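> Sending over entry18.pdb (PDB, C-alpha atoms and all ligand atoms).
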```pdb
ATOM      1  CA  MET E   1      58.187  43.085   4.886
ATOM      2  CA  ALA E   2      56.253  46.299   4.450
ATOM      3  CA  VAL E   3      52.451  46.086   4.487
ATOM      4  CA  PRO E   4      50.800  48.253   1.802
ATOM      5  CA  SER E   5      49.122  51.252   3.371
ATOM      6  CA  ASN E   6      45.765  50.589   1.702
ATOM      7  CA  MET E   7      45.772  47.088   3.289
ATOM      8  CA  LEU E   8      46.430  48.681   6.715
ATOM      9  CA  ASN E   9      43.494  50.998   6.118
ATOM     10  CA  LYS E  10      41.241  48.009   5.400
ATOM     11  CA  VAL E  11      42.307  46.198   8.588
ATOM     12  CA  GLU E  12      41.844  49.358  10.621
ATOM     13  CA  PHE E  13      38.387  49.832   9.113
ATOM     14  CA  LEU E  14      37.453  46.224   9.865
ATOM     15  CA  MET E  15      38.631  46.500  13.507
ATOM     16  CA  ARG E  16      36.646  49.683  13.994
ATOM     17  CA  TYR E  17      33.646  48.036  12.379
ATOM     18  CA  LEU E  18      33.814  44.992  14.655
ATOM     19  CA  LYS E  19      34.188  47.178  17.804
ATOM     20  CA  ASN E  20      30.542  48.063  17.459
ATOM     21  CA  ARG E  21      29.009  45.280  19.614
ATOM     22  CA  TYR E  22      25.793  44.919  17.641
ATOM     23  CA  ILE E  23      27.483  44.825  14.301
ATOM     24  CA  PHE E  24      29.915  42.256  15.739
ATOM     25  CA  LEU E  25      27.058  40.033  16.941
ATOM     26  CA  ILE E  26      25.223  40.325  13.627
ATOM     27  CA  THR E  27      28.409  39.412  11.776
ATOM     28  CA  VAL E  28      28.943  36.353  13.966
ATOM     29  CA  PHE E  29      25.329  35.317  13.385
ATOM     30  CA  LEU E  30      25.636  35.733   9.631
ATOM     31  CA  LEU E  31      28.873  33.708   9.568
ATOM     32  CA  TRP E  32      27.146  30.986  11.631
ATOM     33  CA  ALA E  33      24.185  30.970   9.245
ATOM     34  CA  VAL E  34      26.509  30.608   6.244
ATOM     35  CA  VAL E  35      28.305  27.692   7.942
ATOM     36  CA  ILE E  36      24.962  26.012   8.721
ATOM     37  CA  LEU E  37      23.801  26.391   5.121
ATOM     38  CA  VAL E  38      27.040  24.902   3.800
ATOM     39  CA  VAL E  39      27.178  21.999   6.281
ATOM     40  CA  SER E  40      23.464  21.108   6.236
ATOM     41  CA  LYS E  41      21.902  18.797   3.679
ATOM     42  CA  PRO E  42      18.569  18.835   1.894
ATOM     43  CA  CYS E  43      15.858  17.250   3.991
ATOM     44  CA  SER E  44      12.300  16.450   2.985
ATOM     45  CA  SER E  45      11.048  15.815   6.505
ATOM     46  CA  CYS E  46      11.522  19.163   8.249
ATOM     47  CA  PHE E  47       9.997  22.587   7.912
ATOM     48  CA  TRP E  48      13.216  24.284   6.814
ATOM     49  CA  GLY E  49      13.947  21.775   4.065
ATOM     50  CA  LYS E  50      17.489  21.583   5.379
ATOM     51  CA  CYS E  51      18.999  19.733   8.287
ATOM     52  CA  TYR E  52      22.097  20.558  10.301
ATOM     53  CA  VAL E  53      22.113  16.979  11.555
ATOM     54  CA  ASP E  54      21.773  14.570   8.690
ATOM     55  CA  PHE E  55      18.488  12.911   9.602
ATOM     56  CA  ASN E  56      18.169  11.553   6.069
ATOM     57  CA  GLU E  57      21.247   9.423   6.492
ATOM     58  CA  GLN E  58      20.171   8.163   9.920
ATOM     59  CA  THR E  59      16.729   7.064   8.775
ATOM     60  CA  ALA E  60      17.603   6.031   5.225
ATOM     61  CA  VAL E  61      17.892   2.333   6.087
ATOM     62  CA  VAL E  62      14.633   2.291   8.027
ATOM     63  CA  ILE E  63      12.742   4.072   5.238
ATOM     64  CA  ASP E  64      14.104   1.716   2.560
ATOM     65  CA  THR E  65      13.283  -1.430   4.545
ATOM     66  CA  ASN E  66       9.723  -0.350   5.217
ATOM     67  CA  LYS E  67       8.967   1.091   1.830
ATOM     68  CA  PRO E  68       6.921  -1.809   0.401
ATOM     69  CA  LYS E  69       5.048  -2.077   3.700
ATOM     70  CA  GLU E  70       4.300   1.652   3.751
ATOM     71  CA  GLU E  71       3.040   1.512   0.177
ATOM     72  CA  LYS E  72       0.810  -1.398   1.085
ATOM     73  CA  MET E  73      -0.448   0.393   4.186
ATOM     74  CA  ALA E  74      -1.268   3.459   2.102
ATOM     75  CA  ASP E  75      -3.427   1.286  -0.165
ATOM     76  CA  LYS E  76      -5.229  -0.376   2.731
ATOM     77  CA  ILE E  77      -8.853   0.448   3.331
ATOM     78  CA  GLU E  78      -9.877   0.503   6.964
ATOM     79  CA  LYS E  79     -13.442   1.078   8.096
ATOM     80  CA  THR E  80     -15.338   0.643  11.324
ATOM     81  CA  ASP E  81     -17.833  -2.176  11.770
ATOM     82  CA  GLU E  82     -20.627   0.392  11.520
ATOM     83  CA  GLN E  83     -19.333   1.656   8.181
ATOM     84  CA  TRP E  84     -19.088  -1.902   6.801
ATOM     85  CA  LYS E  85     -22.633  -2.641   7.976
ATOM     86  CA  GLN E  86     -23.880   0.440   6.138
ATOM     87  CA  GLN E  87     -22.047  -0.463   2.929
ATOM     88  CA  LEU E  88     -22.759  -4.212   2.783
ATOM     89  CA  THR E  89     -25.859  -6.363   2.895
ATOM     90  CA  PRO E  90     -26.199  -8.461   6.085
ATOM     91  CA  GLU E  91     -25.055 -11.559   4.139
ATOM     92  CA  GLN E  92     -22.058  -9.774   2.607
ATOM     93  CA  TYR E  93     -21.133  -8.411   6.035
ATOM     94  CA  GLU E  94     -21.444 -11.814   7.733
ATOM     95  CA  ILE E  95     -19.222 -13.478   5.126
ATOM     96  CA  THR E  96     -16.557 -10.826   4.493
ATOM     97  CA  ARG E  97     -16.218  -9.279   7.956
ATOM     98  CA  CYS E  98     -17.050 -12.304  10.158
ATOM     99  CA  SER E  99     -15.441 -15.050   8.023
ATOM    100  CA  GLY E 100     -18.800 -16.615   7.247
ATOM    101  CA  THR E 101     -19.518 -19.158   4.510
ATOM    102  CA  GLU E 102     -22.545 -19.176   2.246
ATOM    103  CA  GLU E 103     -24.394 -22.416   1.648
ATOM    104  CA  PRO E 104     -22.993 -24.293  -1.380
ATOM    105  CA  PHE E 105     -24.973 -24.106  -4.641
ATOM    106  CA  THR E 106     -26.767 -20.973  -3.401
ATOM    107  CA  GLY E 107     -24.496 -18.071  -4.346
ATOM    108  CA  LYS E 108     -25.123 -16.055  -7.497
ATOM    109  CA  TYR E 109     -21.761 -16.847  -9.112
ATOM    110  CA  TYR E 110     -21.123 -20.573  -8.491
ATOM    111  CA  ASP E 111     -22.772 -21.504 -11.818
ATOM    112  CA  PHE E 112     -22.275 -18.147 -13.508
ATOM    113  CA  LYS E 113     -20.495 -18.057 -16.881
ATOM    114  CA  GLY E 114     -20.133 -14.337 -17.648
ATOM    115  CA  ILE E 115     -16.957 -13.035 -19.244
ATOM    116  CA  GLY E 116     -15.296 -10.350 -17.170
ATOM    117  CA  THR E 117     -13.693  -9.572 -13.847
ATOM    118  CA  TYR E 118     -14.652 -10.524 -10.309
ATOM    119  CA  LYS E 119     -14.036  -7.694  -7.874
ATOM    120  CA  CYS E 120     -13.944  -7.510  -4.095
ATOM    121  CA  ILE E 121     -17.387  -6.549  -2.755
ATOM    122  CA  GLY E 122     -15.719  -4.467  -0.029
ATOM    123  CA  CYS E 123     -13.321  -2.305  -2.013
ATOM    124  CA  GLY E 124     -13.790  -3.041  -5.719
ATOM    125  CA  GLU E 125     -10.306  -4.457  -6.196
ATOM    126  CA  ASN E 126     -10.003  -6.727  -9.261
ATOM    127  CA  LEU E 127      -9.366 -10.195  -7.801
ATOM    128  CA  PHE E 128     -10.234 -12.910 -10.332
ATOM    129  CA  SER E 129     -10.807 -13.188 -14.066
ATOM    130  CA  SER E 130     -13.539 -15.314 -15.630
ATOM    131  CA  ASP E 131     -10.686 -16.842 -17.686
ATOM    132  CA  ALA E 132      -9.501 -18.717 -14.557
ATOM    133  CA  LYS E 133     -12.983 -19.761 -13.400
ATOM    134  CA  TYR E 134     -13.894 -23.423 -13.647
ATOM    135  CA  ASP E 135     -16.581 -25.779 -12.381
ATOM    136  CA  SER E 136     -15.108 -27.492  -9.342
ATOM    137  CA  GLY E 137     -18.418 -29.128  -8.386
ATOM    138  CA  SER E 138     -18.038 -27.689  -4.892
ATOM    139  CA  GLY E 139     -20.988 -25.323  -5.155
ATOM    140  CA  TRP E 140     -18.834 -22.201  -4.756
ATOM    141  CA  PRO E 141     -17.229 -20.058  -7.449
ATOM    142  CA  SER E 142     -13.800 -21.583  -8.077
ATOM    143  CA  PHE E 143     -10.745 -20.161  -9.779
ATOM    144  CA  TYR E 144      -7.389 -21.803 -10.483
ATOM    145  CA  GLN E 145      -5.544 -18.514 -10.072
ATOM    146  CA  SER E 146      -5.998 -14.942  -8.908
ATOM    147  CA  LEU E 147      -5.309 -11.912 -11.061
ATOM    148  CA  ASP E 148      -2.446 -10.834  -8.816
ATOM    149  CA  PRO E 149      -1.094 -12.845  -5.850
ATOM    150  CA  ASN E 150      -0.308  -9.554  -4.078
ATOM    151  CA  LYS E 151      -4.012  -8.731  -3.978
ATOM    152  CA  ILE E 152      -4.811 -11.888  -2.006
ATOM    153  CA  THR E 153      -3.575 -12.470   1.533
ATOM    154  CA  GLU E 154      -3.275 -16.094   2.683
ATOM    155  CA  LEU E 155      -3.689 -16.976   6.363
ATOM    156  CA  PRO E 156      -3.605 -20.339   8.162
ATOM    157  CA  ASP E 157      -7.079 -21.376   9.338
ATOM    158  CA  ASN E 158      -7.349 -24.263  11.813
ATOM    159  CA  SER E 159     -11.055 -23.859  12.570
ATOM    160  CA  LEU E 160     -13.512 -26.744  12.152
ATOM    161  CA  GLY E 161     -10.713 -29.145  13.121
ATOM    162  CA  ARG E 162      -9.127 -28.839   9.676
ATOM    163  CA  GLN E 163      -5.986 -27.167   8.417
ATOM    164  CA  ARG E 164      -7.015 -24.795   5.660
ATOM    165  CA  THR E 165      -5.674 -21.619   4.086
ATOM    166  CA  GLU E 166      -7.986 -18.654   4.346
ATOM    167  CA  ILE E 167      -7.884 -16.033   1.577
ATOM    168  CA  ARG E 168      -8.590 -12.368   2.150
ATOM    169  CA  CYS E 169      -8.571  -9.247   0.027
ATOM    170  CA  SER E 170      -5.216  -7.577   0.735
ATOM    171  CA  LYS E 171      -6.720  -4.120   0.336
ATOM    172  CA  CYS E 172      -9.743  -4.194   2.660
ATOM    173  CA  ASP E 173      -9.125  -7.456   4.560
ATOM    174  CA  ALA E 174     -12.440  -8.964   3.431
ATOM    175  CA  HIS E 175     -12.696 -12.725   4.002
ATOM    176  CA  LEU E 176     -13.125 -14.281   0.551
ATOM    177  CA  GLY E 177     -12.950 -18.023   1.174
ATOM    178  CA  HIS E 178     -10.127 -20.585   1.107
ATOM    179  CA  VAL E 179      -7.488 -21.836  -1.289
ATOM    180  CA  PHE E 180      -6.869 -25.590  -1.678
ATOM    181  CA  GLU E 181      -4.228 -27.570  -3.525
ATOM    182  CA  ASP E 182      -6.659 -29.760  -5.458
ATOM    183  CA  GLY E 183      -7.226 -27.449  -8.418
ATOM    184  CA  PRO E 184      -6.680 -28.065 -12.132
ATOM    185  CA  LYS E 185      -3.604 -27.303 -14.204
ATOM    186  CA  PRO E 186      -1.626 -25.142 -14.656
ATOM    187  CA  THR E 187      -1.531 -24.068 -10.977
ATOM    188  CA  GLY E 188      -3.100 -27.030  -9.177
ATOM    189  CA  LEU E 189      -4.849 -24.490  -6.949
ATOM    190  CA  ARG E 190      -8.526 -24.032  -6.188
ATOM    191  CA  TYR E 191      -9.526 -20.607  -4.950
ATOM    192  CA  CYS E 192     -12.887 -21.392  -3.385
ATOM    193  CA  VAL E 193     -14.667 -18.064  -3.006
ATOM    194  CA  ASN E 194     -18.012 -16.986  -1.578
ATOM    195  CA  SER E 195     -20.233 -15.326  -4.192
ATOM    196  CA  ALA E 196     -21.237 -12.763  -1.568
ATOM    197  CA  ALA E 197     -17.624 -11.577  -1.346
ATOM    198  CA  LEU E 198     -17.536 -10.825  -5.066
ATOM    199  CA  ASP E 199     -18.963  -8.330  -7.497
ATOM    200  CA  PHE E 200     -18.880  -9.194 -11.195
ATOM    201  CA  GLU E 201     -18.034  -6.659 -13.886
ATOM    202  CA  GLU E 202     -18.839  -7.843 -17.385
ATOM    203  CA  LYS E 203     -16.334  -7.247 -20.141
ATOM    204  CA  GLU E 204     -17.947  -5.094 -22.817
ATOM    205  CA  LYS E 205     -17.925  -6.299 -26.430
ATOM    206  CA  GLY E 206     -14.774  -5.178 -28.234
ATOM    207  CA  GLU E 207     -13.259  -3.938 -24.992
ATOM    208  CA  LYS E 208      -9.665  -4.921 -24.449
ATOM    209  CA  ASP E 209      -9.339  -7.083 -21.386
ATOM    210  CA  PRO E 210      -7.591  -4.888 -18.772
ATOM    211  CA  ASN E 211      -6.014  -8.051 -17.436
ATOM    212  CA  ASP E 212      -4.346  -8.948 -20.746
ATOM    213  CA  LYS E 213      -0.629  -8.418 -20.372
ATOM    214  CA  ASP E 214       0.169  -7.898 -24.096
TER     215      ASP E 214
HETATM  216 ZN    ZN H   1     -11.313  -5.679  -0.782
END
```
With the file now loaded, output its structure as structure tokens.
Ligand SMILES: [Zn+2]

Amino acid sequence: MAVPSNMLNKVEFLMRYLKNRYIFLITVFLLWAVVILVVSKPCSSCFWGKCYVDFNEQTAVVIDTNKPKEEKMADKIEKTDEQWKQQLTPEQYEITRCSGTEEPFTGKYYDFKGIGTYKCIGCGENLFSSDAKYDSGSGWPSFYQSLDPNKITELPDNSLGRQRTEIRCSKCDAHLGHVFEDGPKPTGLRYCVNSAALDFEEKEKGEKDPNDKD
């Protein structure tokens, strides 16, 4: 079968072109670069934005599993002891950072009846609503539920020879108090909180309660 002469010319031209060593090397490099671009996949974790090896696929499972944890970690507030001492009063520091307990019937919120939200003294996170506050007779502010269970971390506490459940602010790790199972309906829980661990924000007249779900 006869090869058209113009085709022969093209092949001859290409061979002559590739005989030049530098042009040959550049061509090989360009071909390699094209292959890399086609084979590689988008990647958010490297400088080039593309990966020859698919790192995304290799780490996908790990990233997915840890996602809630990473989000939580990003929200966490961590400060040194010195920074906490500067921010808090000695009583607030003793209670929230050293798991102290204020004397019953002495805190500013145990008999307080304001309408609003109780926030963490360490980080300002909204923890309890006045709607869930009740008089437990214990001498400490008591709530039958928190605003969001995710904002309160529960830890076993076996100090003082008793089994109790310590409650801490999930965001800044401030010791708040303890939760007991002798509370009123509907939860049967009693969040027993130190006044010194809380900061009260009054609900303004006519203001929609930010904690209302509807
Ligand atoms: Zn906090």
> Write as JSON, numbers by chain the residues around ligand ZN 1 (chain H), taking 8 Å as the cut-off and counting all atoms listed in the file.
{"E": [77, 119, 120, 121, 122, 123, 124, 125, 168, 169, 170, 171, 172, 173, 174]}
> Looking at all atoms listed in the file, which of E:Tyr118, E:Phe29, E:Trp140, E:Phe13 is the one that sits closest to Glu202 (chain E)?
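For Glu202 (chain E), the nearest of the given residues is E:Tyr118.
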> Find the residues around region 94-103 of chain E up to 7 Å (all atoms listed in the file counted), leave out those fewer than 5 positions away in its own chain, and share them as a count of residues only.
5
> Could you check which of E:Leu14, E:Ala33, E:Ala132, E:Ile115 is closest to Glu204 (chain E), using all atoms listed in the file?
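Nearest to Glu204 (chain E): E:Ile115.
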> Taking the file as I've supplied it (selection: the PyMOL selection byres (((chain E and resi 156) around 12) and not hetatm)), which residues are included? Please answer as a list in words.
Thr153, Glu154, Leu155, Asp157, Asn158, Ser159, Arg162, Gln163, Arg164, Thr165, Glu166, Ile167, Arg168, Gly177, His178, Val179 and Phe180 of chain E
> Quick one: distance from CA of Gly188 (chain E) to CA of Gln92 (chain E) in Å, one decimal?
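If I compute the distance from CA of Gly188 (chain E) to CA of Gln92 (chain E), I get 28.2 Å.
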> For a test of reading the model, state the distance in Å between CA of Trp84 (chain E) and CA of Leu198 (chain E), rounded to one decimal.
14.9 Å
> Using only C-alpha atoms, which of E:Asp131, E:Asn126, E:Val35, E:Asn150 sits nearest Lys113 (chain E)?
E:Asp131
> Could you check the closest approach to Tyr93 (chain E) for each of E:Leu189, E:Ala196, E:Val38, E:Leu127 and tell me which residue wins, using all atoms listed in the file?
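That would be E:Ala196, the residue with the smallest distance to Tyr93 (chain E).
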> Quick one: pull the distance between CA of Leu88 (chain E) and CA of Asp199 (chain E), Å, one decimal.
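Separation between CA of Leu88 (chain E) and CA of Asp199 (chain E): 11.7 Å.
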> Nearest residue to Pro149 (chain E) out of E:Glu201, E:Tyr109, E:Phe128, E:Pro104, using only C-alpha atoms?
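Nearest candidate to Pro149 (chain E) out of E:Glu201, E:Tyr109, E:Phe128, E:Pro104: E:Phe128.
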> For Thr187 (chain E), list every protein, DNA or RNA residue within 10 Å, evaluated using all atoms listed in the file, and leave out those in the same chain fewer than 6 positions away; present the list as a PyMOL selection string.
chain E and resi 144-145+181
> Please report, as lines of an AutoDock Vina configuration file, the centre and edge lengths in Å to one decimal of an axis-aligned box covering all listed atoms of region 6-12 of chain E with 4 Å per side.

```
center_x = 43.8
center_y = 48.6
center_z = 6.2
size_x = 13.2
size_y = 12.8
size_z = 16.9
```
> Pick the closest to Lys133 (chain E) from E:Gln87, E:Lys108, E:Gly161, E:Pro184: which is it, counting all atoms listed in the file?
E:Pro184
